[in-house]
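Source file: protein-v9.tsv (TSV, N, CA and C atoms and all ligand atoms)
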```tsv
chain	number	residue	atom	x	y	z
A	1	MET	N	103.44	90.97	89.06
A	1	MET	CA	103.36	90.58	90.47
A	1	MET	C	104.46	91.28	91.25
A	2	ARG	N	105.68	91.24	90.67
A	2	ARG	CA	106.79	91.89	91.36
A	2	ARG	C	106.56	93.40	91.42
A	3	LEU	N	106.05	93.96	90.30
A	3	LEU	CA	105.80	95.39	90.27
A	3	LEU	C	104.77	95.78	91.32
A	4	SER	N	103.71	94.99	91.45
A	4	SER	CA	102.68	95.35	92.42
A	4	SER	C	103.23	95.30	93.84
A	5	ALA	N	104.14	94.35	94.08
A	5	ALA	CA	104.74	94.28	95.42
A	5	ALA	C	105.56	95.54	95.70
A	6	VAL	N	106.26	96.02	94.69
A	6	VAL	CA	107.05	97.24	94.85
A	6	VAL	C	106.12	98.42	95.12
A	7	LEU	N	105.02	98.49	94.38
A	7	LEU	CA	104.06	99.59	94.58
A	7	LEU	C	103.48	99.54	95.98
A	8	LEU	N	103.14	98.34	96.42
A	8	LEU	CA	102.56	98.20	97.76
A	8	LEU	C	103.58	98.59	98.81
A	9	ALA	N	104.85	98.23	98.57
A	9	ALA	CA	105.89	98.60	99.52
A	9	ALA	C	105.99	100.12	99.59
A	10	GLY	N	105.86	100.78	98.45
A	10	GLY	CA	105.89	102.23	98.42
A	10	GLY	C	104.76	102.84	99.21
A	11	ILE	N	103.58	102.25	99.07
A	11	ILE	CA	102.42	102.72	99.83
A	11	ILE	C	102.67	102.53	101.32
A	12	ALA	N	103.25	101.38	101.66
A	12	ALA	CA	103.49	101.09	103.08
A	12	ALA	C	104.46	102.11	103.67
A	13	ILE	N	105.47	102.47	102.89
A	13	ILE	CA	106.44	103.46	103.38
A	13	ILE	C	105.74	104.80	103.58
A	14	SER	N	104.83	105.15	102.68
A	14	SER	CA	104.08	106.39	102.86
A	14	SER	C	103.31	106.36	104.17
A	15	ALA	N	102.73	105.19	104.48
A	15	ALA	CA	101.94	105.07	105.71
A	15	ALA	C	102.83	105.26	106.93
A	16	ILE	N	104.06	104.77	106.84
A	16	ILE	CA	104.99	104.92	107.96
A	16	ILE	C	105.35	106.40	108.13
A	17	ALA	N	105.51	107.08	106.99
A	17	ALA	CA	105.92	108.48	107.05
A	17	ALA	C	104.81	109.37	107.59
A	18	LEU	N	103.58	108.93	107.42
A	18	LEU	CA	102.45	109.74	107.86
A	18	LEU	C	101.57	108.94	108.83
A	19	PRO	N	102.07	108.66	110.01
A	19	PRO	CA	101.29	107.83	110.94
A	19	PRO	C	99.97	108.46	111.34
A	20	ALA	N	99.89	109.78	111.30
A	20	ALA	CA	98.66	110.45	111.73
A	20	ALA	C	97.48	110.05	110.85
A	21	SER	N	97.75	109.74	109.57
A	21	SER	CA	96.65	109.40	108.68
A	21	SER	C	96.10	108.01	108.97
A	22	ALA	N	96.91	107.17	109.58
A	22	ALA	CA	96.47	105.81	109.85
A	22	ALA	C	95.97	105.64	111.28
A	23	ALA	N	96.49	106.43	112.18
A	23	ALA	CA	96.14	106.26	113.59
A	23	ALA	C	95.19	107.37	114.03
A	24	LYS	N	93.92	107.08	113.90
A	24	LYS	CA	92.91	108.05	114.33
A	24	LYS	C	92.47	107.70	115.74
A	25	PRO	N	91.96	108.66	116.46
A	25	PRO	CA	91.52	108.38	117.83
A	25	PRO	C	90.39	107.36	117.86
A	26	ALA	N	90.44	106.53	118.85
A	26	ALA	CA	89.41	105.50	118.97
A	26	ALA	C	88.11	106.14	119.45
A	27	ALA	N	87.03	105.89	118.71
A	27	ALA	CA	85.74	106.48	119.05
A	27	ALA	C	84.94	105.55	119.95
A	28	ALA	N	85.20	104.29	119.85
A	28	ALA	CA	84.42	103.31	120.63
A	28	ALA	C	85.35	102.16	120.97
A	29	THR	N	84.80	101.13	121.54
A	29	THR	CA	85.60	99.97	121.88
A	29	THR	C	86.22	99.38	120.62
A	30	ALA	N	87.51	99.20	120.67
A	30	ALA	CA	88.21	98.69	119.50
A	30	ALA	C	88.08	97.18	119.40
A	31	ILE	N	88.12	96.70	118.17
A	31	ILE	CA	88.25	95.27	117.94
A	31	ILE	C	89.74	95.01	117.75
A	32	ASN	N	90.29	94.16	118.59
A	32	ASN	CA	91.73	93.84	118.50
A	32	ASN	C	91.95	92.69	117.54
A	33	ILE	N	92.84	92.92	116.59
A	33	ILE	CA	93.16	91.90	115.58
A	33	ILE	C	94.67	91.70	115.58
A	34	THR	N	95.07	90.45	115.71
A	34	THR	CA	96.50	90.13	115.72
A	34	THR	C	96.91	89.57	114.37
A	35	ALA	N	98.00	90.09	113.84
A	35	ALA	CA	98.62	89.53	112.64
A	35	ALA	C	99.80	88.67	113.11
A	36	THR	N	99.82	87.42	112.72
A	36	THR	CA	100.78	86.49	113.30
A	36	THR	C	101.94	86.16	112.37
A	37	ALA	N	102.97	85.56	112.98
A	37	ALA	CA	104.13	85.11	112.22
A	37	ALA	C	103.77	83.96	111.28
A	38	GLN	N	102.61	83.34	111.52
A	38	GLN	CA	102.15	82.24	110.65
A	38	GLN	C	101.28	82.77	109.51
A	39	GLN	N	101.31	84.10	109.30
A	39	GLN	CA	100.57	84.75	108.22
A	39	GLN	C	99.07	84.52	108.32
A	40	LYS	N	98.55	84.82	109.51
A	40	LYS	CA	97.10	84.77	109.72
A	40	LYS	C	96.67	86.03	110.48
A	41	PHE	N	95.43	86.42	110.26
A	41	PHE	CA	94.82	87.41	111.13
A	41	PHE	C	94.00	86.65	112.17
A	42	SER	N	94.08	87.10	113.41
A	42	SER	CA	93.32	86.45	114.47
A	42	SER	C	92.62	87.51	115.32
A	43	PRO	N	91.30	87.60	115.35
A	43	PRO	CA	90.40	86.75	114.56
A	43	PRO	C	90.54	87.06	113.06
A	44	ASP	N	90.06	86.13	112.21
A	44	ASP	CA	90.15	86.37	110.77
A	44	ASP	C	88.79	86.77	110.19
A	45	HIS	N	87.84	87.06	111.09
A	45	HIS	CA	86.50	87.45	110.67
A	45	HIS	C	85.95	88.45	111.69
A	46	VAL	N	85.54	89.60	111.20
A	46	VAL	CA	84.92	90.58	112.11
A	46	VAL	C	83.62	91.06	111.49
A	47	VAL	N	82.73	91.51	112.36
A	47	VAL	CA	81.42	92.00	111.91
A	47	VAL	C	81.31	93.49	112.23
A	48	LEU	N	81.01	94.29	111.21
A	48	LEU	CA	80.81	95.73	111.37
A	48	LEU	C	79.40	96.06	110.89
A	49	HIS	N	79.02	97.34	111.10
A	49	HIS	CA	77.67	97.74	110.72
A	49	HIS	C	77.72	99.01	109.87
A	50	VAL	N	76.84	99.07	108.88
A	50	VAL	CA	76.80	100.22	107.97
A	50	VAL	C	76.61	101.52	108.76
A	51	GLY	N	77.47	102.47	108.47
A	51	GLY	CA	77.35	103.80	109.06
A	51	GLY	C	77.85	103.93	110.48
A	52	LYS	N	78.30	102.83	111.07
A	52	LYS	CA	78.77	102.88	112.46
A	52	LYS	C	80.31	102.82	112.50
A	53	PRO	N	80.93	103.88	112.98
A	53	PRO	CA	82.40	103.88	113.06
A	53	PRO	C	82.89	102.80	114.01
A	54	GLN	N	83.91	102.10	113.58
A	54	GLN	CA	84.48	101.04	114.42
A	54	GLN	C	86.00	101.10	114.32
A	55	THR	N	86.64	101.09	115.46
A	55	THR	CA	88.10	101.07	115.49
A	55	THR	C	88.59	99.63	115.40
A	56	LEU	N	89.48	99.41	114.46
A	56	LEU	CA	90.19	98.12	114.36
A	56	LEU	C	91.61	98.38	114.82
A	57	ARG	N	92.04	97.64	115.84
A	57	ARG	CA	93.39	97.84	116.37
A	57	ARG	C	94.23	96.61	116.02
A	58	PHE	N	95.22	96.84	115.19
A	58	PHE	CA	96.06	95.75	114.69
A	58	PHE	C	97.38	95.67	115.45
A	59	THR	N	97.75	94.45	115.78
A	59	THR	CA	99.03	94.19	116.43
A	59	THR	C	99.70	93.02	115.71
A	60	SER	N	101.00	93.12	115.51
A	60	SER	CA	101.73	91.98	114.94
A	60	SER	C	102.49	91.25	116.02
A	61	THR	N	102.32	89.93	116.04
A	61	THR	CA	103.11	89.12	116.96
A	61	THR	C	104.28	88.46	116.23
A	62	GLY	N	104.46	88.81	114.97
A	62	GLY	CA	105.58	88.30	114.21
A	62	GLY	C	105.49	88.71	112.76
A	63	GLY	N	106.51	89.35	112.27
A	63	GLY	CA	106.53	89.75	110.87
A	63	GLY	C	105.85	91.09	110.66
A	64	VAL	N	106.10	91.66	109.49
A	64	VAL	CA	105.49	92.92	109.11
A	64	VAL	C	104.36	92.62	108.14
A	65	HIS	N	103.20	93.15	108.43
A	65	HIS	CA	102.01	92.90	107.62
A	65	HIS	C	101.37	94.24	107.27
A	66	GLY	N	100.33	94.17	106.46
A	66	GLY	CA	99.65	95.41	106.10
A	66	GLY	C	98.20	95.15	105.75
A	67	VAL	N	97.41	96.20	105.85
A	67	VAL	CA	96.02	96.13	105.41
A	67	VAL	C	95.69	97.39	104.62
A	68	ALA	N	94.71	97.26	103.76
A	68	ALA	CA	94.19	98.38	102.99
A	68	ALA	C	92.90	97.92	102.34
A	69	SER	N	91.94	98.82	102.21
A	69	SER	CA	90.71	98.48	101.49
A	69	SER	C	90.05	99.75	100.99
A	70	LYS	N	89.99	99.87	99.68
A	70	LYS	CA	89.27	101.02	99.11
A	70	LYS	C	87.79	100.93	99.44
A	71	ASP	N	87.24	99.71	99.34
A	71	ASP	CA	85.81	99.54	99.57
A	71	ASP	C	85.40	99.94	100.98
A	72	LEU	N	86.28	99.68	101.93
A	72	LEU	CA	85.95	99.96	103.34
A	72	LEU	C	86.56	101.27	103.83
A	73	GLY	N	87.35	101.92	102.98
A	73	GLY	CA	87.98	103.17	103.38
A	73	GLY	C	89.12	102.97	104.36
A	74	ILE	N	89.80	101.83	104.27
A	74	ILE	CA	90.96	101.59	105.13
A	74	ILE	C	92.21	102.02	104.37
A	75	PRO	N	92.92	103.04	104.86
A	75	PRO	CA	94.13	103.48	104.17
A	75	PRO	C	95.22	102.42	104.28
A	76	ALA	N	96.20	102.48	103.39
A	76	ALA	CA	97.33	101.56	103.46
A	76	ALA	C	97.99	101.72	104.82
A	77	THR	N	97.99	100.63	105.57
A	77	THR	CA	98.43	100.66	106.96
A	77	THR	C	99.42	99.53	107.21
A	78	THR	N	100.56	99.86	107.76
A	78	THR	CA	101.58	98.86	108.05
A	78	THR	C	101.46	98.41	109.50
A	79	ILE	N	101.52	97.09	109.70
A	79	ILE	CA	101.42	96.51	111.04
A	79	ILE	C	102.78	95.93	111.39
A	80	MET	N	103.45	96.61	112.32
A	80	MET	CA	104.80	96.18	112.69
A	80	MET	C	104.82	95.65	114.12
A	81	PRO	N	105.66	94.65	114.39
A	81	PRO	CA	105.75	94.13	115.75
A	81	PRO	C	106.08	95.25	116.74
A	82	GLY	N	105.37	95.28	117.83
A	82	GLY	CA	105.66	96.26	118.87
A	82	GLY	C	105.02	97.62	118.65
A	83	THR	N	104.33	97.79	117.52
A	83	THR	CA	103.70	99.08	117.23
A	83	THR	C	102.25	98.86	116.80
A	84	PRO	N	101.35	98.73	117.76
A	84	PRO	CA	99.94	98.57	117.41
A	84	PRO	C	99.46	99.79	116.63
A	85	VAL	N	98.60	99.55	115.67
A	85	VAL	CA	98.09	100.65	114.84
A	85	VAL	C	96.57	100.50	114.73
A	86	SER	N	95.89	101.64	114.87
A	86	SER	CA	94.44	101.61	114.82
A	86	SER	C	93.93	102.33	113.59
A	87	VAL	N	92.85	101.80	113.02
A	87	VAL	CA	92.16	102.49	111.94
A	87	VAL	C	90.68	102.53	112.30
A	88	VAL	N	90.04	103.63	111.94
A	88	VAL	CA	88.61	103.74	112.17
A	88	VAL	C	87.90	103.48	110.84
A	89	VAL	N	87.02	102.52	110.86
A	89	VAL	CA	86.30	102.13	109.65
A	89	VAL	C	84.83	102.47	109.82
A	90	THR	N	84.27	103.17	108.83
A	90	THR	CA	82.83	103.41	108.83
A	90	THR	C	82.28	102.86	107.52
A	91	PRO	N	81.82	101.61	107.55
A	91	PRO	CA	81.40	100.98	106.30
A	91	PRO	C	80.21	101.71	105.68
A	92	ALA	N	80.24	101.81	104.35
A	92	ALA	CA	79.17	102.51	103.64
A	92	ALA	C	78.13	101.55	103.07
A	93	LYS	N	78.53	100.30	102.90
A	93	LYS	CA	77.65	99.36	102.19
A	93	LYS	C	77.77	97.97	102.80
A	94	ALA	N	76.62	97.33	102.96
A	94	ALA	CA	76.62	95.97	103.50
A	94	ALA	C	77.29	95.01	102.53
A	95	GLY	N	77.85	93.95	103.07
A	95	GLY	CA	78.48	92.95	102.22
A	95	GLY	C	79.60	92.26	102.97
A	96	THR	N	80.27	91.38	102.27
A	96	THR	CA	81.40	90.67	102.86
A	96	THR	C	82.65	91.04	102.07
A	97	TYR	N	83.64	91.55	102.78
A	97	TYR	CA	84.85	92.07	102.14
A	97	TYR	C	86.06	91.26	102.60
A	98	ALA	N	86.92	90.93	101.66
A	98	ALA	CA	88.17	90.25	102.00
A	98	ALA	C	89.29	91.30	101.99
A	99	VAL	N	89.88	91.51	103.15
A	99	VAL	CA	90.99	92.46	103.26
A	99	VAL	C	92.28	91.65	103.32
A	100	HIS	N	92.99	91.62	102.19
A	100	HIS	CA	94.21	90.82	102.11
A	100	HIS	C	95.40	91.56	102.71
A	101	CYS	N	96.30	90.80	103.25
A	101	CYS	CA	97.56	91.37	103.70
A	101	CYS	C	98.24	92.03	102.50
A	102	THR	N	98.76	93.24	102.70
A	102	THR	CA	99.33	94.00	101.58
A	102	THR	C	100.85	93.93	101.51
A	103	ILE	N	101.46	93.28	102.48
A	103	ILE	CA	102.92	93.21	102.49
A	103	ILE	C	103.35	91.75	102.48
A	104	VAL	N	104.20	91.40	101.51
A	104	VAL	CA	104.65	90.01	101.41
A	104	VAL	C	105.36	89.63	102.71
A	105	CYS	N	104.80	88.63	103.41
A	105	CYS	CA	105.25	88.36	104.77
A	105	CYS	C	105.69	86.92	104.99
A	106	GLY	N	105.55	86.06	103.99
A	106	GLY	CA	105.95	84.67	104.17
A	106	GLY	C	105.17	83.77	103.25
A	107	PRO	N	105.38	82.46	103.38
A	107	PRO	CA	104.74	81.51	102.46
A	107	PRO	C	103.22	81.56	102.48
A	108	GLY	N	102.64	81.99	103.59
A	108	GLY	CA	101.18	82.02	103.68
A	108	GLY	C	100.58	83.36	103.30
A	109	HIS	N	101.41	84.27	102.80
A	109	HIS	CA	100.95	85.64	102.54
A	109	HIS	C	99.75	85.69	101.60
A	110	ALA	N	99.80	84.91	100.52
A	110	ALA	CA	98.74	84.99	99.52
A	110	ALA	C	97.37	84.64	100.10
A	111	ASP	N	97.37	83.83	101.15
A	111	ASP	CA	96.11	83.41	101.76
A	111	ASP	C	95.78	84.19	103.03
A	112	MET	N	96.59	85.20	103.34
A	112	MET	CA	96.38	85.93	104.58
A	112	MET	C	95.34	87.02	104.36
A	113	ALA	N	94.15	86.78	104.90
A	113	ALA	CA	93.08	87.75	104.69
A	113	ALA	C	92.20	87.86	105.92
A	114	LEU	N	91.68	89.06	106.09
A	114	LEU	CA	90.70	89.34	107.14
A	114	LEU	C	89.35	89.50	106.45
A	115	THR	N	88.39	88.70	106.86
A	115	THR	CA	87.05	88.84	106.30
A	115	THR	C	86.26	89.84	107.14
A	116	VAL	N	85.79	90.88	106.49
A	116	VAL	CA	84.99	91.90	107.17
A	116	VAL	C	83.56	91.78	106.67
A	117	GLU	N	82.69	91.39	107.58
A	117	GLU	CA	81.28	91.24	107.26
A	117	GLU	C	80.56	92.51	107.71
A	118	VAL	N	79.95	93.20	106.78
A	118	VAL	CA	79.25	94.44	107.10
A	118	VAL	C	77.76	94.18	107.04
A	119	LYS	N	77.13	94.37	108.19
A	119	LYS	CA	75.68	94.15	108.28
A	119	LYS	C	74.95	95.49	108.21
A	120	PRO	N	73.72	95.47	107.74
A	120	PRO	CA	72.94	96.71	107.61
A	120	PRO	C	72.76	97.40	108.97
B	201	CU	CU	101.44	89.35	104.04
```
Give the structure from this file in structure tokens form.
Amino acid sequence: MRLSAVLLAGIAISAIALPASAAKPAAATAINITATAQQKFSPDHVVLHVGKPQTLRFTSTGGVHGVASKDLGIPATTIMPGTPVSVVVTPAKAGTYAVHCTIVCGPGHADMALTVEVKP
């Protein structure tokens, strides 16, 4: 558990060093998602569509958080207060995906997840 946290921290640092890989230009109206000091994503559920690029714009209102999803093609992305970060997601397969916070952020970290519902 401790080792995985260290690995994730390393990934997060890489994301900071290469912001261009995480911040792609917005192609359409972004969905704004707030990561809170209470270790929640708000909204905590978003709906995307297969093959349709969608910008997710993350903002932290407290604490440092992160997202990543191999299944959805979301690179390791750090969400820091005062620095909104956008990722463009083009889902390949329908389904429901749980995108957990990747950076230990507080007592609620283990339960901090964004549900991404991908419709055909
Ligand atoms: Cu967290």
Problem - For A:Thr83, the nearest of the candidates A:Val118, A:Phe58, A:Cys101, A:Ile33, counting only N, CA and C atoms - result: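 Ranking A:Val118, A:Phe58, A:Cys101, A:Ile33 by distance to A:Thr83, first place goes to A:Phe58.
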Problem - From A:Ser69, A:Gln39, A:Thr102, A:Thr90, residue lying nearest A:Lys52 [all atoms listed in the file] - result: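 Among the listed residues, the smallest separation from A:Lys52 belongs to A:Thr90.
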For ligand CU 201 (chain B), return the neighbouring residues as a compact mmCIF listing (two decimals) with N, CA and C atoms, in the coordinates of the input (distance at most 6.5 Å; only N, CA and C atoms and all ligand atoms).
```
# COMPACT_ATOMS: atom_id res chain seq x y z
N GLN A 39 101.31 84.10 109.30
CA GLN A 39 100.57 84.75 108.22
C GLN A 39 99.07 84.52 108.32
N VAL A 64 106.10 91.66 109.49
CA VAL A 64 105.49 92.92 109.11
C VAL A 64 104.36 92.62 108.14
N HIS A 65 103.20 93.15 108.43
CA HIS A 65 102.01 92.90 107.62
C HIS A 65 101.37 94.24 107.27
N GLY A 66 100.33 94.17 106.46
CA GLY A 66 99.65 95.41 106.10
C GLY A 66 98.20 95.15 105.75
N CYS A 101 96.30 90.80 103.25
CA CYS A 101 97.56 91.37 103.70
C CYS A 101 98.24 92.03 102.50
N THR A 102 98.76 93.24 102.70
CA THR A 102 99.33 94.00 101.58
C THR A 102 100.85 93.93 101.51
N ILE A 103 101.46 93.28 102.48
CA ILE A 103 102.92 93.21 102.49
C ILE A 103 103.35 91.75 102.48
N VAL A 104 104.20 91.40 101.51
CA VAL A 104 104.65 90.01 101.41
C VAL A 104 105.36 89.63 102.71
N CYS A 105 104.80 88.63 103.41
CA CYS A 105 105.25 88.36 104.77
C CYS A 105 105.69 86.92 104.99
N GLY A 106 105.55 86.06 103.99
CA GLY A 106 105.95 84.67 104.17
C GLY A 106 105.17 83.77 103.25
N GLY A 108 102.64 81.99 103.59
CA GLY A 108 101.18 82.02 103.68
C GLY A 108 100.58 83.36 103.30
N HIS A 109 101.41 84.27 102.80
CA HIS A 109 100.95 85.64 102.54
C HIS A 109 99.75 85.69 101.60
N ALA A 110 99.80 84.91 100.52
CA ALA A 110 98.74 84.99 99.52
C ALA A 110 97.37 84.64 100.10
N MET A 112 96.59 85.20 103.34
CA MET A 112 96.38 85.93 104.58
C MET A 112 95.34 87.02 104.36
```
Exercise for the section: One decimal, Å: what's the distance from atom N of A:Leu48 over to atom C of A:Ala94, could you say? Expected result: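 Separating atom N of A:Leu48 from atom C of A:Ala94 is a distance of 9.5 Å.
Using all atoms listed in the file, the shortest contact distance between A:Thr59 and any of A:Val116, A:Val99, A:Val89, A:Ala35 is found at A:Ala35.
In this model, the gap between atom C of A:Arg57 and atom CA of A:Tyr97 comes to 17.4 Å.
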Exercise for the section: Show which residues sit within 8 Å of A:His45, as a PyMOL selection string. Count all atoms listed in the file, and ignore same-chain residues fewer than 5 positions away. Expected result: chain A and resi 113-117
Practice task
May I have the residues within 6.5 Å of A:Gln54 as a list in words, using only N, CA and C atoms and disregarding those fewer than 4 positions away in the same chain?
Solution key: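 Near neighbours after the sequence-gap exclusion: Ala28, Ala30, Ile31, Val87, Val88, Val89, Thr90 and Pro91 of chain A.
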Exercise for the section: Go ahead and compute the interatomic distance for atom N of A:Gly73 and atom N of A:Thr61, in Å to one decimal. Expected result: 23.2 Å
Exercise for the section: Skip A:Ala68 itself and residues of its chain fewer than 4 positions away, then list as a PyMOL selection string all residues within 6 Å of it, counting all atoms listed in the file. Expected result: chain A and resi 74-77+99-100+102
Problem - Minimum-distance residue to A:Lys119, chosen among A:Pro107, A:Asp71, A:Gly51, A:Ile79 (using only N, CA and C atoms) - result: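 Answer, going by the shortest atom-to-atom distance: A:Gly51.
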Emit as AutoDock Vina command-line options the padded axis-aligned box for all listed atoms of stretch 88-101 of chain A, 6 Å per side, with centre and edge lengths in Å to one decimal.
```
--center_x 87.4 --center_y 97.0 --center_z 106.9 --size_x 33.6 --size_y 25.5 --size_z 22.5
```
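Closest approach to A:Thr36 among A:Thr96, A:Lys70, A:Gly63, A:Pro81: A:Gly63, based on only N, CA and C atoms.
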